[in-house]
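S.K.: What follows is protein.pdb, made up of PDB, C-alpha atoms:
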```pdb
MODEL        1
ATOM      1  CA  MET A   1       1.585  42.343  24.378
ATOM      2  CA  ILE A   2       1.262  38.554  24.235
ATOM      3  CA  SER A   3      -2.196  38.727  22.655
ATOM      4  CA  ARG A   4      -0.746  40.936  19.894
ATOM      5  CA  LEU A   5       2.033  38.481  19.211
ATOM      6  CA  LEU A   6      -0.194  35.423  19.353
ATOM      7  CA  PRO A   7      -1.602  35.615  15.788
ATOM      8  CA  LEU A   8       1.935  36.057  14.466
ATOM      9  CA  LEU A   9       3.115  33.044  16.442
ATOM     10  CA  VAL A  10       0.212  30.930  15.185
ATOM     11  CA  PHE A  11       0.993  32.031  11.633
ATOM     12  CA  ALA A  12       4.668  31.208  12.081
ATOM     13  CA  ALA A  13       3.751  27.772  13.427
ATOM     14  CA  LEU A  14       1.522  27.187  10.407
ATOM     15  CA  VAL A  15       4.288  28.193   8.006
ATOM     16  CA  GLY A  16       6.627  25.875   9.883
ATOM     17  CA  LEU A  17       4.154  23.004   9.518
ATOM     18  CA  LEU A  18       3.784  23.583   5.779
ATOM     19  CA  LEU A  19       7.553  23.779   5.262
ATOM     20  CA  PHE A  20       7.915  20.555   7.220
ATOM     21  CA  GLY A  21       5.310  18.986   4.921
ATOM     22  CA  ILE A  22       7.205  20.053   1.817
ATOM     23  CA  GLU A  23      10.460  18.758   3.257
ATOM     24  CA  TRP A  24       8.858  15.488   4.328
ATOM     25  CA  ASN A  25       7.382  14.879   0.890
ATOM     26  CA  LYS A  26      10.791  15.252  -0.715
ATOM     27  CA  HIS A  27      12.010  12.176   1.117
ATOM     28  CA  HIS A  28       8.837  10.131   1.368
ATOM     29  CA  GLU A  29       6.786   8.524  -1.325
ATOM     30  CA  MET A  30       3.195   9.243  -0.337
ATOM     31  CA  THR A  31       1.786   6.193  -2.090
ATOM     32  CA  GLU A  32       4.192   3.847  -0.334
ATOM     33  CA  VAL A  33       2.451   1.517   2.085
ATOM     34  CA  PRO A  34       4.904   0.238   4.712
ATOM     35  CA  SER A  35       4.810  -3.538   4.874
ATOM     36  CA  PRO A  36       3.594  -5.117   8.112
ATOM     37  CA  LEU A  37       5.643  -8.208   7.221
ATOM     38  CA  ILE A  38       9.062  -6.762   8.027
ATOM     39  CA  GLY A  39      10.618  -8.654  10.919
ATOM     40  CA  LYS A  40       8.137 -11.486  10.377
ATOM     41  CA  PRO A  41       8.593 -14.843   8.652
ATOM     42  CA  ALA A  42       8.115 -14.769   4.892
ATOM     43  CA  PRO A  43       4.747 -16.270   3.947
ATOM     44  CA  GLU A  44       4.549 -19.885   2.839
ATOM     45  CA  PHE A  45       4.621 -20.440  -0.896
ATOM     46  CA  THR A  46       5.227 -23.220  -3.367
ATOM     47  CA  LEU A  47       5.607 -21.910  -6.874
ATOM     48  CA  PRO A  48       6.653 -23.507 -10.171
ATOM     49  CA  LEU A  49       9.978 -22.632 -11.757
ATOM     50  CA  LEU A  50       9.682 -20.541 -14.900
ATOM     51  CA  TYR A  51      12.103 -22.677 -16.879
ATOM     52  CA  ASP A  52      10.842 -26.004 -15.593
ATOM     53  CA  SER A  53       7.226 -25.847 -14.504
ATOM     54  CA  THR A  54       7.282 -29.489 -13.380
ATOM     55  CA  LYS A  55       9.527 -28.422 -10.494
ATOM     56  CA  SER A  56       8.607 -25.966  -7.788
ATOM     57  CA  VAL A  57      10.332 -23.962  -5.115
ATOM     58  CA  SER A  58       8.884 -23.410  -1.658
ATOM     59  CA  ARG A  59       9.754 -21.124   1.213
ATOM     60  CA  LYS A  60      11.387 -24.076   2.959
ATOM     61  CA  ASP A  61      13.660 -24.820  -0.024
ATOM     62  CA  LEU A  62      15.155 -21.350   0.263
ATOM     63  CA  LEU A  63      15.945 -21.527   3.992
ATOM     64  CA  GLY A  64      19.575 -21.524   5.051
ATOM     65  CA  LYS A  65      20.806 -18.692   2.860
ATOM     66  CA  PRO A  66      19.645 -15.116   2.579
ATOM     67  CA  TYR A  67      18.084 -14.090  -0.707
ATOM     68  CA  LEU A  68      16.524 -11.138  -2.441
ATOM     69  CA  LEU A  69      13.088 -11.850  -3.850
ATOM     70  CA  ASN A  70      12.519  -9.478  -6.743
ATOM     71  CA  VAL A  71       8.924  -9.150  -7.950
ATOM     72  CA  PHE A  72       8.798  -8.379 -11.650
ATOM     73  CA  GLY A  73       6.697  -8.906 -14.736
ATOM     74  CA  SER A  74       7.203  -8.588 -18.455
ATOM     75  CA  TRP A  75       4.236  -6.174 -18.463
ATOM     76  CA  CYS A  76       5.929  -3.840 -16.002
ATOM     77  CA  PRO A  77       7.742  -0.849 -17.552
ATOM     78  CA  THR A  78       9.610   0.133 -14.378
ATOM     79  CA  CYS A  79      11.064  -3.370 -14.210
ATOM     80  CA  GLN A  80      12.831  -2.638 -17.475
ATOM     81  CA  PHE A  81      14.475   0.366 -15.843
ATOM     82  CA  GLU A  82      15.429  -1.632 -12.779
ATOM     83  CA  HIS A  83      16.739  -4.556 -14.780
ATOM     84  CA  PRO A  84      20.188  -3.144 -15.726
ATOM     85  CA  ILE A  85      20.686  -1.925 -12.129
ATOM     86  CA  LEU A  86      19.775  -5.374 -10.836
ATOM     87  CA  THR A  87      22.243  -6.946 -13.242
ATOM     88  CA  ALA A  88      25.125  -4.519 -12.826
ATOM     89  CA  GLN A  89      24.858  -3.509  -9.177
ATOM     90  CA  ILE A  90      22.887  -6.027  -7.154
ATOM     91  CA  LYS A  91      23.954  -9.298  -8.732
ATOM     92  CA  PRO A  92      27.682  -8.625  -7.976
ATOM     93  CA  LEU A  93      26.816  -8.333  -4.259
ATOM     94  CA  GLY A  94      26.754 -12.134  -4.191
ATOM     95  CA  LEU A  95      23.269 -12.301  -2.732
ATOM     96  CA  LYS A  96      21.038 -15.054  -4.070
ATOM     97  CA  LEU A  97      18.582 -13.438  -6.463
ATOM     98  CA  VAL A  98      15.150 -15.012  -6.796
ATOM     99  CA  GLY A  99      12.814 -13.559  -9.414
ATOM    100  CA  LEU A 100       9.096 -13.727  -8.772
ATOM    101  CA  ASP A 101       7.355 -13.394 -12.105
ATOM    102  CA  TRP A 102       4.108 -11.846 -10.902
ATOM    103  CA  LYS A 103       0.772 -12.020 -12.729
ATOM    104  CA  ASP A 104       2.466 -12.771 -15.998
ATOM    105  CA  GLN A 105       2.395 -15.314 -18.805
ATOM    106  CA  PRO A 106       5.429 -17.633 -18.625
ATOM    107  CA  GLU A 107       6.006 -17.244 -22.376
ATOM    108  CA  ASP A 108       6.104 -13.453 -22.050
ATOM    109  CA  ALA A 109       8.467 -13.638 -19.080
ATOM    110  CA  LYS A 110      10.830 -15.972 -20.955
ATOM    111  CA  ARG A 111      10.852 -13.663 -23.954
ATOM    112  CA  TRP A 112      11.479 -10.655 -21.680
ATOM    113  CA  LEU A 113      14.394 -12.368 -19.914
ATOM    114  CA  ALA A 114      15.816 -13.572 -23.236
ATOM    115  CA  GLN A 115      15.735 -10.027 -24.536
ATOM    116  CA  PHE A 116      17.207  -8.232 -21.523
ATOM    117  CA  GLY A 117      19.193 -11.048 -19.898
ATOM    118  CA  ASN A 118      18.468 -13.127 -16.822
ATOM    119  CA  PRO A 119      20.176 -11.927 -13.640
ATOM    120  CA  TYR A 120      18.240 -14.348 -11.400
ATOM    121  CA  ASP A 121      19.551 -17.508  -9.776
ATOM    122  CA  ALA A 122      16.016 -18.852  -9.936
ATOM    123  CA  VAL A 123      12.766 -17.548 -11.377
ATOM    124  CA  ILE A 124       9.450 -18.671  -9.930
ATOM    125  CA  THR A 125       6.058 -17.833 -11.387
ATOM    126  CA  ASP A 126       2.942 -16.588  -9.653
ATOM    127  CA  GLN A 127       0.457 -16.437 -12.482
ATOM    128  CA  ASP A 128      -2.720 -15.832 -10.488
ATOM    129  CA  GLY A 129      -1.013 -13.453  -8.051
ATOM    130  CA  ARG A 130      -1.976 -15.339  -4.866
ATOM    131  CA  ALA A 131       1.577 -15.550  -3.558
ATOM    132  CA  GLY A 132       1.951 -11.861  -4.361
ATOM    133  CA  ILE A 133      -1.051 -11.089  -2.152
ATOM    134  CA  ASP A 134       0.494 -13.136   0.673
ATOM    135  CA  PHE A 135       3.631 -11.027   0.384
ATOM    136  CA  GLY A 136       1.557  -7.841   0.324
ATOM    137  CA  VAL A 137       2.744  -7.001  -3.177
ATOM    138  CA  TYR A 138       0.759  -4.200  -4.758
ATOM    139  CA  MET A 139       2.985  -3.044  -7.559
ATOM    140  CA  ALA A 140       6.048  -4.079  -9.498
ATOM    141  CA  PRO A 141       8.917  -4.015  -9.035
ATOM    142  CA  GLU A 142       9.072  -4.794  -5.339
ATOM    143  CA  SER A 143      11.891  -6.558  -3.542
ATOM    144  CA  PHE A 144      12.089  -8.479  -0.284
ATOM    145  CA  LEU A 145      15.309  -9.242   1.552
ATOM    146  CA  VAL A 146      14.824 -12.558   3.346
ATOM    147  CA  ASP A 147      17.400 -13.875   5.793
ATOM    148  CA  ALA A 148      18.687 -17.430   6.240
ATOM    149  CA  GLN A 149      15.968 -18.109   8.835
ATOM    150  CA  GLY A 150      13.254 -17.093   6.356
ATOM    151  CA  MET A 151      12.499 -13.752   8.012
ATOM    152  CA  ILE A 152      11.681 -10.708   5.889
ATOM    153  CA  ARG A 153      14.238  -8.078   6.841
ATOM    154  CA  TYR A 154      13.562  -5.337   4.362
ATOM    155  CA  LYS A 155      11.192  -4.437   1.572
ATOM    156  CA  ARG A 156      11.781  -2.077  -1.299
ATOM    157  CA  ILE A 157       8.653  -0.749  -3.013
ATOM    158  CA  GLY A 158       9.457   0.361  -6.539
ATOM    159  CA  MET A 159      12.745   0.035  -8.357
ATOM    160  CA  PHE A 160      16.196   0.001  -6.835
ATOM    161  CA  THR A 161      18.349   2.961  -7.777
ATOM    162  CA  PRO A 162      22.094   3.305  -7.157
ATOM    163  CA  GLU A 163      21.167   5.648  -4.269
ATOM    164  CA  THR A 164      18.704   3.268  -2.591
ATOM    165  CA  ILE A 165      21.120   0.361  -2.963
ATOM    166  CA  LYS A 166      23.697   2.390  -1.055
ATOM    167  CA  SER A 167      21.407   3.935   1.537
ATOM    168  CA  GLU A 168      19.028   1.018   2.153
ATOM    169  CA  LEU A 169      20.029  -2.330   0.692
ATOM    170  CA  LEU A 170      23.724  -2.416   1.655
ATOM    171  CA  PRO A 171      23.104  -1.544   5.346
ATOM    172  CA  LYS A 172      20.338  -4.173   5.478
ATOM    173  CA  ILE A 173      22.647  -6.795   3.963
ATOM    174  CA  ALA A 174      25.294  -5.882   6.543
ATOM    175  CA  GLU A 175      22.697  -6.428   9.283
ATOM    176  CA  LEU A 176      21.858  -9.937   8.053
ATOM    177  CA  SER A 177      24.339 -11.593  10.400
ATOM    178  CA  ARG A 178      22.396 -10.213  13.358
ATOM    179  CA  PRO A 179      19.081 -11.817  14.333
ATOM    180  CA  ALA A 180      15.882 -10.125  13.153
ATOM    181  CA  THR A 181      14.300  -7.554  15.397
ATOM    182  CA  THR A 182      10.742  -6.431  15.052
ATOM    183  CA  PRO A 183      10.648  -2.682  14.450
TER     184      PRO A 183
ATOM    185  CA  MET B 184     -29.426   4.054 -39.252
ATOM    186  CA  MET B 185     -29.784   6.102 -36.064
ATOM    187  CA  ARG B 186     -31.500   3.216 -34.360
ATOM    188  CA  ARG B 187     -28.761   0.798 -35.327
ATOM    189  CA  LEU B 188     -26.138   3.201 -34.028
ATOM    190  CA  ALA B 189     -28.040   3.564 -30.792
ATOM    191  CA  ALA B 190     -28.225  -0.213 -30.467
ATOM    192  CA  VAL B 191     -24.471  -0.554 -31.031
ATOM    193  CA  PHE B 192     -23.842   2.194 -28.511
ATOM    194  CA  ALA B 193     -26.066   0.488 -25.943
ATOM    195  CA  MET B 194     -24.219  -2.764 -26.529
ATOM    196  CA  LEU B 195     -20.888  -1.045 -26.017
ATOM    197  CA  LEU B 196     -22.145   0.432 -22.774
ATOM    198  CA  CYS B 197     -23.196  -3.012 -21.566
ATOM    199  CA  CYS B 198     -19.776  -4.399 -22.450
ATOM    200  CA  GLY B 199     -18.178  -1.791 -20.249
ATOM    201  CA  ILE B 200     -20.378  -2.682 -17.323
ATOM    202  CA  ALA B 201     -19.857  -6.394 -17.826
ATOM    203  CA  HIS B 202     -16.111  -5.797 -17.668
ATOM    204  CA  ALA B 203     -16.164  -3.726 -14.512
ATOM    205  CA  ILE B 204     -18.229  -6.256 -12.558
ATOM    206  CA  ASP B 205     -16.543  -9.552 -11.841
ATOM    207  CA  PRO B 206     -18.589 -12.631 -12.641
ATOM    208  CA  LEU B 207     -18.943 -13.682  -9.021
ATOM    209  CA  GLN B 208     -21.631 -16.206  -8.176
ATOM    210  CA  PHE B 209     -23.169 -15.128  -4.905
ATOM    211  CA  LYS B 210     -25.143 -17.574  -2.834
ATOM    212  CA  ASP B 211     -27.959 -15.090  -2.307
ATOM    213  CA  ARG B 212     -28.772 -11.405  -2.311
ATOM    214  CA  GLU B 213     -27.697 -11.081   1.318
ATOM    215  CA  GLN B 214     -24.191 -12.289   0.542
ATOM    216  CA  GLU B 215     -23.938  -9.907  -2.387
ATOM    217  CA  VAL B 216     -24.915  -6.951  -0.192
ATOM    218  CA  ARG B 217     -22.382  -8.067   2.411
ATOM    219  CA  PHE B 218     -19.696  -8.288  -0.267
ATOM    220  CA  GLN B 219     -20.504  -4.826  -1.579
ATOM    221  CA  ASN B 220     -20.466  -3.333   1.921
ATOM    222  CA  LEU B 221     -17.188  -4.978   2.821
ATOM    223  CA  THR B 222     -15.353  -4.052  -0.382
ATOM    224  CA  LYS B 223     -16.505  -0.459   0.072
ATOM    225  CA  GLN B 224     -14.644  -0.361   3.389
ATOM    226  CA  LEU B 225     -11.416  -1.588   1.812
ATOM    227  CA  ARG B 226      -8.949   0.535  -0.062
ATOM    228  CA  CYS B 227      -7.470  -0.321  -3.422
ATOM    229  CA  LEU B 228      -3.673  -0.307  -3.077
ATOM    230  CA  VAL B 229      -3.101   0.706  -6.682
ATOM    231  CA  CYS B 230      -5.391   3.695  -7.071
ATOM    232  CA  GLN B 231      -5.297   4.657  -3.455
ATOM    233  CA  ASN B 232      -8.258   6.982  -3.393
ATOM    234  CA  GLN B 233     -10.630   4.332  -4.622
ATOM    235  CA  ASP B 234     -12.246   1.565  -2.662
ATOM    236  CA  LEU B 235     -11.986  -2.058  -3.639
ATOM    237  CA  ALA B 236     -15.588  -2.150  -4.838
ATOM    238  CA  ASP B 237     -14.989   0.686  -7.257
ATOM    239  CA  SER B 238     -11.532   0.025  -8.601
ATOM    240  CA  ASP B 239     -10.882  -1.587 -11.944
ATOM    241  CA  ALA B 240      -7.199  -2.162 -11.198
ATOM    242  CA  ASP B 241      -5.990  -5.695 -11.792
ATOM    243  CA  LEU B 242      -4.902  -6.152  -8.195
ATOM    244  CA  ALA B 243      -8.293  -4.906  -6.980
ATOM    245  CA  LYS B 244      -9.933  -7.667  -9.048
ATOM    246  CA  ASP B 245      -7.660 -10.238  -7.439
ATOM    247  CA  LEU B 246      -8.379  -8.894  -3.974
ATOM    248  CA  ARG B 247     -12.135  -8.880  -4.643
ATOM    249  CA  LYS B 248     -11.829 -12.497  -5.715
ATOM    250  CA  GLN B 249      -9.897 -13.234  -2.527
ATOM    251  CA  VAL B 250     -12.570 -11.531  -0.395
ATOM    252  CA  PHE B 251     -15.253 -13.466  -2.260
ATOM    253  CA  ASP B 252     -13.469 -16.804  -1.805
ATOM    254  CA  MET B 253     -12.994 -16.154   1.903
ATOM    255  CA  MET B 254     -16.686 -15.326   2.219
ATOM    256  CA  GLN B 255     -17.589 -18.579   0.501
ATOM    257  CA  ALA B 256     -15.289 -20.347   2.954
ATOM    258  CA  GLY B 257     -17.385 -18.907   5.792
ATOM    259  CA  LYS B 258     -14.950 -16.274   7.049
ATOM    260  CA  SER B 259     -16.374 -13.297   8.923
ATOM    261  CA  ASP B 260     -15.875  -9.682   7.817
ATOM    262  CA  ALA B 261     -13.451  -9.168  10.708
ATOM    263  CA  GLU B 262     -11.400 -12.196   9.663
ATOM    264  CA  ILE B 263     -11.220 -10.984   6.066
ATOM    265  CA  LYS B 264     -10.141  -7.529   7.190
ATOM    266  CA  GLN B 265      -7.548  -9.074   9.489
ATOM    267  CA  TYR B 266      -6.229 -11.132   6.561
ATOM    268  CA  LEU B 267      -5.753  -8.030   4.432
ATOM    269  CA  VAL B 268      -4.322  -5.893   7.245
ATOM    270  CA  ALA B 269      -1.722  -8.611   7.939
ATOM    271  CA  ARG B 270      -0.495  -8.217   4.362
ATOM    272  CA  TYR B 271      -1.187  -4.626   3.437
ATOM    273  CA  ASN B 272      -1.226  -2.743   6.731
ATOM    274  CA  ASP B 273      -4.087  -0.733   8.281
ATOM    275  CA  PHE B 274      -3.901   1.324   5.121
ATOM    276  CA  VAL B 275      -6.323  -1.078   3.399
ATOM    277  CA  LEU B 276      -9.028  -0.033   5.835
ATOM    278  CA  TYR B 277     -10.791   3.198   4.980
ATOM    279  CA  ASP B 278     -11.620   3.537   8.666
ATOM    280  CA  PRO B 279      -8.324   3.482  10.567
ATOM    281  CA  PRO B 280      -8.603   1.549  13.856
ATOM    282  CA  LEU B 281      -8.155   3.444  17.115
ATOM    283  CA  LYS B 282      -4.787   2.523  18.613
ATOM    284  CA  ALA B 283      -1.645   4.158  20.002
ATOM    285  CA  GLY B 284      -0.333   5.125  16.573
ATOM    286  CA  THR B 285      -3.599   6.672  15.395
ATOM    287  CA  VAL B 286      -4.593   8.675  18.492
ATOM    288  CA  LEU B 287      -3.406  11.910  16.865
ATOM    289  CA  LEU B 288      -5.341  11.132  13.711
ATOM    290  CA  TRP B 289      -8.552  10.492  15.616
ATOM    291  CA  PHE B 290      -8.461  13.253  18.198
ATOM    292  CA  THR B 291      -6.572  16.173  16.678
ATOM    293  CA  PRO B 292      -9.616  17.516  14.801
ATOM    294  CA  GLY B 293     -11.715  17.466  17.989
ATOM    295  CA  VAL B 294      -8.949  19.070  20.037
ATOM    296  CA  LEU B 295      -8.439  21.774  17.405
ATOM    297  CA  LEU B 296     -12.177  22.418  17.355
ATOM    298  CA  LEU B 297     -12.191  22.835  21.143
ATOM    299  CA  VAL B 298      -9.166  25.162  20.988
ATOM    300  CA  GLY B 299     -10.892  27.212  18.282
ATOM    301  CA  ALA B 300     -14.092  27.387  20.319
ATOM    302  CA  GLY B 301     -12.054  28.442  23.363
ATOM    303  CA  VAL B 302     -10.353  31.235  21.428
ATOM    304  CA  LEU B 303     -13.672  32.382  19.998
ATOM    305  CA  VAL B 304     -15.317  32.493  23.443
ATOM    306  CA  HIS B 305     -12.306  34.354  24.814
ATOM    307  CA  ILE B 306     -12.458  37.003  22.065
ATOM    308  CA  LEU B 307     -16.228  37.424  22.338
ATOM    309  CA  ARG B 308     -16.034  37.887  26.092
ATOM    310  CA  LYS B 309     -13.278  40.460  25.720
ATOM    311  CA  ARG B 310     -15.363  42.381  23.183
ATOM    312  CA  ALA B 311     -18.475  42.170  25.321
ATOM    313  CA  ARG B 312     -16.743  43.617  28.391
ATOM    314  CA  PRO B 313     -16.038  47.206  27.199
ATOM    315  CA  ALA B 314     -19.486  47.330  25.643
ATOM    316  CA  ALA B 315     -21.053  46.394  28.971
ATOM    317  CA  ALA B 316     -18.948  49.077  30.641
ATOM    318  CA  GLU B 317     -20.254  51.670  28.210
ATOM    319  CA  LEU B 318     -23.804  50.799  29.116
ATOM    320  CA  ASP B 319     -23.092  51.024  32.798
ATOM    321  CA  PRO B 320     -24.951  54.149  33.959
ATOM    322  CA  GLY B 321     -22.817  54.487  37.077
ATOM    323  CA  GLU B 322     -19.633  54.826  35.048
ATOM    324  CA  ASP B 323     -17.698  58.023  35.486
ATOM    325  CA  TRP B 324     -16.386  59.554  32.256
TER     326      TRP B 324
ENDMDL
END
```
Please rewrite the model in this file as structure tokens.
M.R.:
Amino acid sequence: MISRLLPLLVFAALVGLLLFGIEWNKHHEMTEVPSPLIGKPAPEFTLPLLYDSTKSVSRKDLLGKPYLLNVFGSWCPTCQFEHPILTAQIKPLGLKLVGLDWKDQPEDAKRWLAQFGNPYDAVITDQDGRAGIDFGVYMAPESFLVDAQGMIRYKRIGMFTPETIKSELLPKIAELSRPATTP
Amino acid sequence: MMRRLAAVFAMLLCCGIAHAIDPLQFKDREQEVRFQNLTKQLRCLVCQNQDLADSDADLAKDLRKQVFDMMQAGKSDAEIKQYLVARYNDFVLYDPPLKAGTVLLWFTPGVLLLVGAGVLVHILRKRARPAAAELDPGEDW
């Protein structure tokens, strides 16, 4: 009896596995590489300001207050889609917004921000992309939530949507008052 | 005319190759081979089914440059890999390391193969048994 049922059971298990795969893929972006930096200190950087390249901002300068580091570039089409969401939904949250203009020409970035508006409290430039590599950036836009102690608490790969702001960013902001825990 | 066209075509081809290969100044042939071997073991984060040696993505160029610079600075292959894993996760390695989180990945195929072999042996034995009985001359019908 059991040996008759066995092939059916194996088949059912296989169907279950495939359905699980379909379900899993609905909620997970397959190309997303989870960052090993979450729960760790943000990497050191000292980068020039876009609007005043004689001055620079370092990791240390930003300590003391949480901030959202948003990686963007004038060459990045998705950043254009994220831009109005950043302006209308993330800026009002009161979080300090730092723009990291990644692998971009400062002139292009200025033109881009002039055209669409500048939601950032500060914009720093990483022309050769070295700081981006230190942050493990591999596409744009990407965003890092860094707490007052300089720890990376959360990373968003790709653009923020109203849904991901609600389901991911807001809970992470609420957790900021608690000390970082390594996952 | 044909010859001129062919020459232009050849030139275009060369341009393409010159673009794909970064102008990196290797110390010697040995270092170049080491660089090629290492970048073949690293995954491009942008086009994720390509290795770093192969990819023409902008980030891959930057990462190749980074690997090259670290080599020039005397870093070992393991140190360079560690540097990239610290930023981009084990995902940058084409060969995932054996650790608690990857046990399933490493051993499931072997286990499945053994299970399959077990099932096969079981079925073959079961089939062989009645046949052997048939051949048994002492069997009563």
S.K.: At a cut-off of 10 Å, using only C-alpha atoms, what residues contact Leu62 (chain A)? Leave out same-chain residues fewer than 6 positions from it and give the result as a ChimeraX atom specification.
M.R.: /A:96,98,146-150
S.K.: Write the residues of the selection above to a file with C-alpha atoms, as a compact mmCIF listing (two decimals), in the coordinates of the input.
M.R.:
```txt
# COMPACT_ATOMS: atom_id res chain seq x y z
CA LYS A 96 21.04 -15.05 -4.07
CA VAL A 98 15.15 -15.01 -6.80
CA VAL A 146 14.82 -12.56 3.35
CA ASP A 147 17.40 -13.88 5.79
CA ALA A 148 18.69 -17.43 6.24
CA GLN A 149 15.97 -18.11 8.84
CA GLY A 150 13.25 -17.09 6.36
```
S.K.: Any idea what the distance is between CA of Pro280 (chain B) and CA of Glu262 (chain B)?
M.R.: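 Interatomic distance here is 14.6 Å.
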S.K.: Taking only C-alpha atoms into account and nothing else, which residues of chain B lie no more than 10 Å away from chain A? Please answer as a list in words.
M.R.: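 Here they are: Cys227, Leu228, Val229, Cys230, Gln231, Asp241, Leu242, Ala243, Asp245, Leu246, Gln249, Tyr266, Leu267, Val268, Ala269, Arg270, Tyr271, Asn272, Asp273, Phe274 and Val275 of chain B.
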S.K.: Rounded to one decimal, what separation in Å do you get between CA of Asp237 (chain B) and CA of Ala261 (chain B)?
M.R.: 20.5 Å
S.K.: Excluding same-chain residues fewer than 4 positions from Lys110 (chain A), what lies within 8 Å of it counting all atoms listed in the file, as a list of chain:residue names?
M.R.: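 The filter keeps A:Leu50, A:Tyr51, A:Pro106, A:Ala114.
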S.K.: Using only C-alpha atoms, can you tell me which of A:Gly73, A:Gly16, A:Gly39, A:Pro179 comes closest to Ile152 (chain A)?
M.R.: A:Gly39
S.K.: What does the structure give for the distance between CA of Gly117 (chain A) and CA of Thr78 (chain A), in Å to one decimal?
M.R.: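 Distance reported for this atom pair: 15.7 Å.
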S.K.: With 12 Å as the cut-off and only C-alpha atoms counted, what is the closest atom pair between each nearby residue of region 3-92 of chain A and region 290-308 of chain B? Distances in Å to one decimal, ordered by chain and number, as JSON lines.
M.R.:
```
{"residue": "A:Ser3", "atom": "CA", "partner": "B:Ile306", "partner_atom": "CA", "distance": 10.4}
{"residue": "A:Leu6", "atom": "CA", "partner": "B:Val302", "partner_atom": "CA", "distance": 11.2}
{"residue": "A:Pro7", "atom": "CA", "partner": "B:Val302", "partner_atom": "CA", "distance": 11.3}
```
S.K.: How big is the axis-aligned box around all listed atoms of region 43-58 of chain A once 8 Å goes on each side, and where's its centre, in Å to one decimal, as JSON?
M.R.:
```
{"center_x": 8.3, "center_y": -22.9, "center_z": -6.5, "size_x": 23.6, "size_y": 29.2, "size_z": 36.8}
```
S.K.: Under the PyMOL selection byres ((chain B and resi 234) around 8), which residues of this model are included? Write them out as an MDAnalysis selection string.
M.R.: chainID B and resid 222:227 231:233 235:238 277
S.K.: Just the residues within 9 Å of Arg156 (chain A), please, counting all atoms listed in the file, with nothing from its chain fewer than 3 positions along; format it as number ranges by chain.
M.R.: A: 141-145, 159-160, 164, 168-169
S.K.: Going by the chain IDs and residue numbers used in this file, which residues fall under the PyMOL selection byres ((chain B and resi 251-258) around 9)? Write them as a tab-separated table (two decimals) with C-alpha atoms, in the coordinates of the input.
M.R.:
```tsv
chain	number	residue	atom	x	y	z
B	207	LEU	CA	-18.94	-13.68	-9.02
B	209	PHE	CA	-23.17	-15.13	-4.90
B	210	LYS	CA	-25.14	-17.57	-2.83
B	214	GLN	CA	-24.19	-12.29	0.54
B	218	PHE	CA	-19.70	-8.29	-0.27
B	246	LEU	CA	-8.38	-8.89	-3.97
B	247	ARG	CA	-12.14	-8.88	-4.64
B	248	LYS	CA	-11.83	-12.50	-5.72
B	249	GLN	CA	-9.90	-13.23	-2.53
B	250	VAL	CA	-12.57	-11.53	-0.40
B	259	SER	CA	-16.37	-13.30	8.92
B	260	ASP	CA	-15.88	-9.68	7.82
B	261	ALA	CA	-13.45	-9.17	10.71
B	262	GLU	CA	-11.40	-12.20	9.66
B	263	ILE	CA	-11.22	-10.98	6.07
```
S.K.: Tell me which of A:Trp75, A:Gly21, A:Ile165, A:Pro48 sits closest to Arg111 (chain A), counting all atoms listed in the file.
M.R.: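 The shortest atom-to-atom distance to Arg111 (chain A) comes from A:Trp75.
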S.K.: Could you check the closest approach to Pro41 (chain A) for each of A:Val15, A:Leu63, A:Asn70, A:Trp112 and tell me which residue wins, using all atoms listed in the file?
M.R.: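 That would be A:Leu63, the residue with the smallest distance to Pro41 (chain A).
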S.K.: Would you translate the PyMOL selection byres ((chain A and resi 119-125) around 10) into the concrete set of residues it matches in this file, as a VMD selection string?
M.R.: chain A and resid 46 to 53 55 to 58 67 to 73 83 to 84 86 to 88 90 to 92 95 to 106 109 to 110 113 116 to 118 126 to 129 131
S.K.: Quick one: region 16-23 of chain A with N, CA and C atoms, as a PDB file, keeping the file's coordinate frame?
M.R.:
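Writing done, so here's out20.pdb:
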```pdb
ATOM      1  N   GLY A  16       5.692  26.938   9.526  1.00  0.00           N
ATOM      2  CA  GLY A  16       6.627  25.875   9.883  1.00  0.00           C
ATOM      3  C   GLY A  16       6.075  24.508   9.516  1.00  0.00           C
ATOM      4  N   LEU A  17       4.796  24.290   9.808  1.00  0.00           N
ATOM      5  CA  LEU A  17       4.154  23.004   9.518  1.00  0.00           C
ATOM      6  C   LEU A  17       4.156  22.726   8.013  1.00  0.00           C
ATOM      7  N   LEU A  18       3.840  23.754   7.229  1.00  0.00           N
ATOM      8  CA  LEU A  18       3.784  23.583   5.779  1.00  0.00           C
ATOM      9  C   LEU A  18       5.177  23.301   5.209  1.00  0.00           C
ATOM     10  N   LEU A  19       6.178  24.016   5.719  1.00  0.00           N
ATOM     11  CA  LEU A  19       7.553  23.779   5.262  1.00  0.00           C
ATOM     12  C   LEU A  19       7.981  22.353   5.607  1.00  0.00           C
ATOM     13  N   PHE A  20       7.602  21.922   6.806  1.00  0.00           N
ATOM     14  CA  PHE A  20       7.915  20.555   7.220  1.00  0.00           C
ATOM     15  C   PHE A  20       7.279  19.565   6.243  1.00  0.00           C
ATOM     16  N   GLY A  21       6.017  19.856   5.863  1.00  0.00           N
ATOM     17  CA  GLY A  21       5.310  18.986   4.921  1.00  0.00           C
ATOM     18  C   GLY A  21       6.030  18.886   3.589  1.00  0.00           C
ATOM     19  N   ILE A  22       6.487  20.038   3.095  1.00  0.00           N
ATOM     20  CA  ILE A  22       7.205  20.053   1.817  1.00  0.00           C
ATOM     21  C   ILE A  22       8.484  19.240   1.929  1.00  0.00           C
ATOM     22  N   GLU A  23       9.205  19.445   3.031  1.00  0.00           N
ATOM     23  CA  GLU A  23      10.460  18.758   3.257  1.00  0.00           C
ATOM     24  C   GLU A  23      10.231  17.248   3.365  1.00  0.00           C
TER      25      GLU A  23
END
```
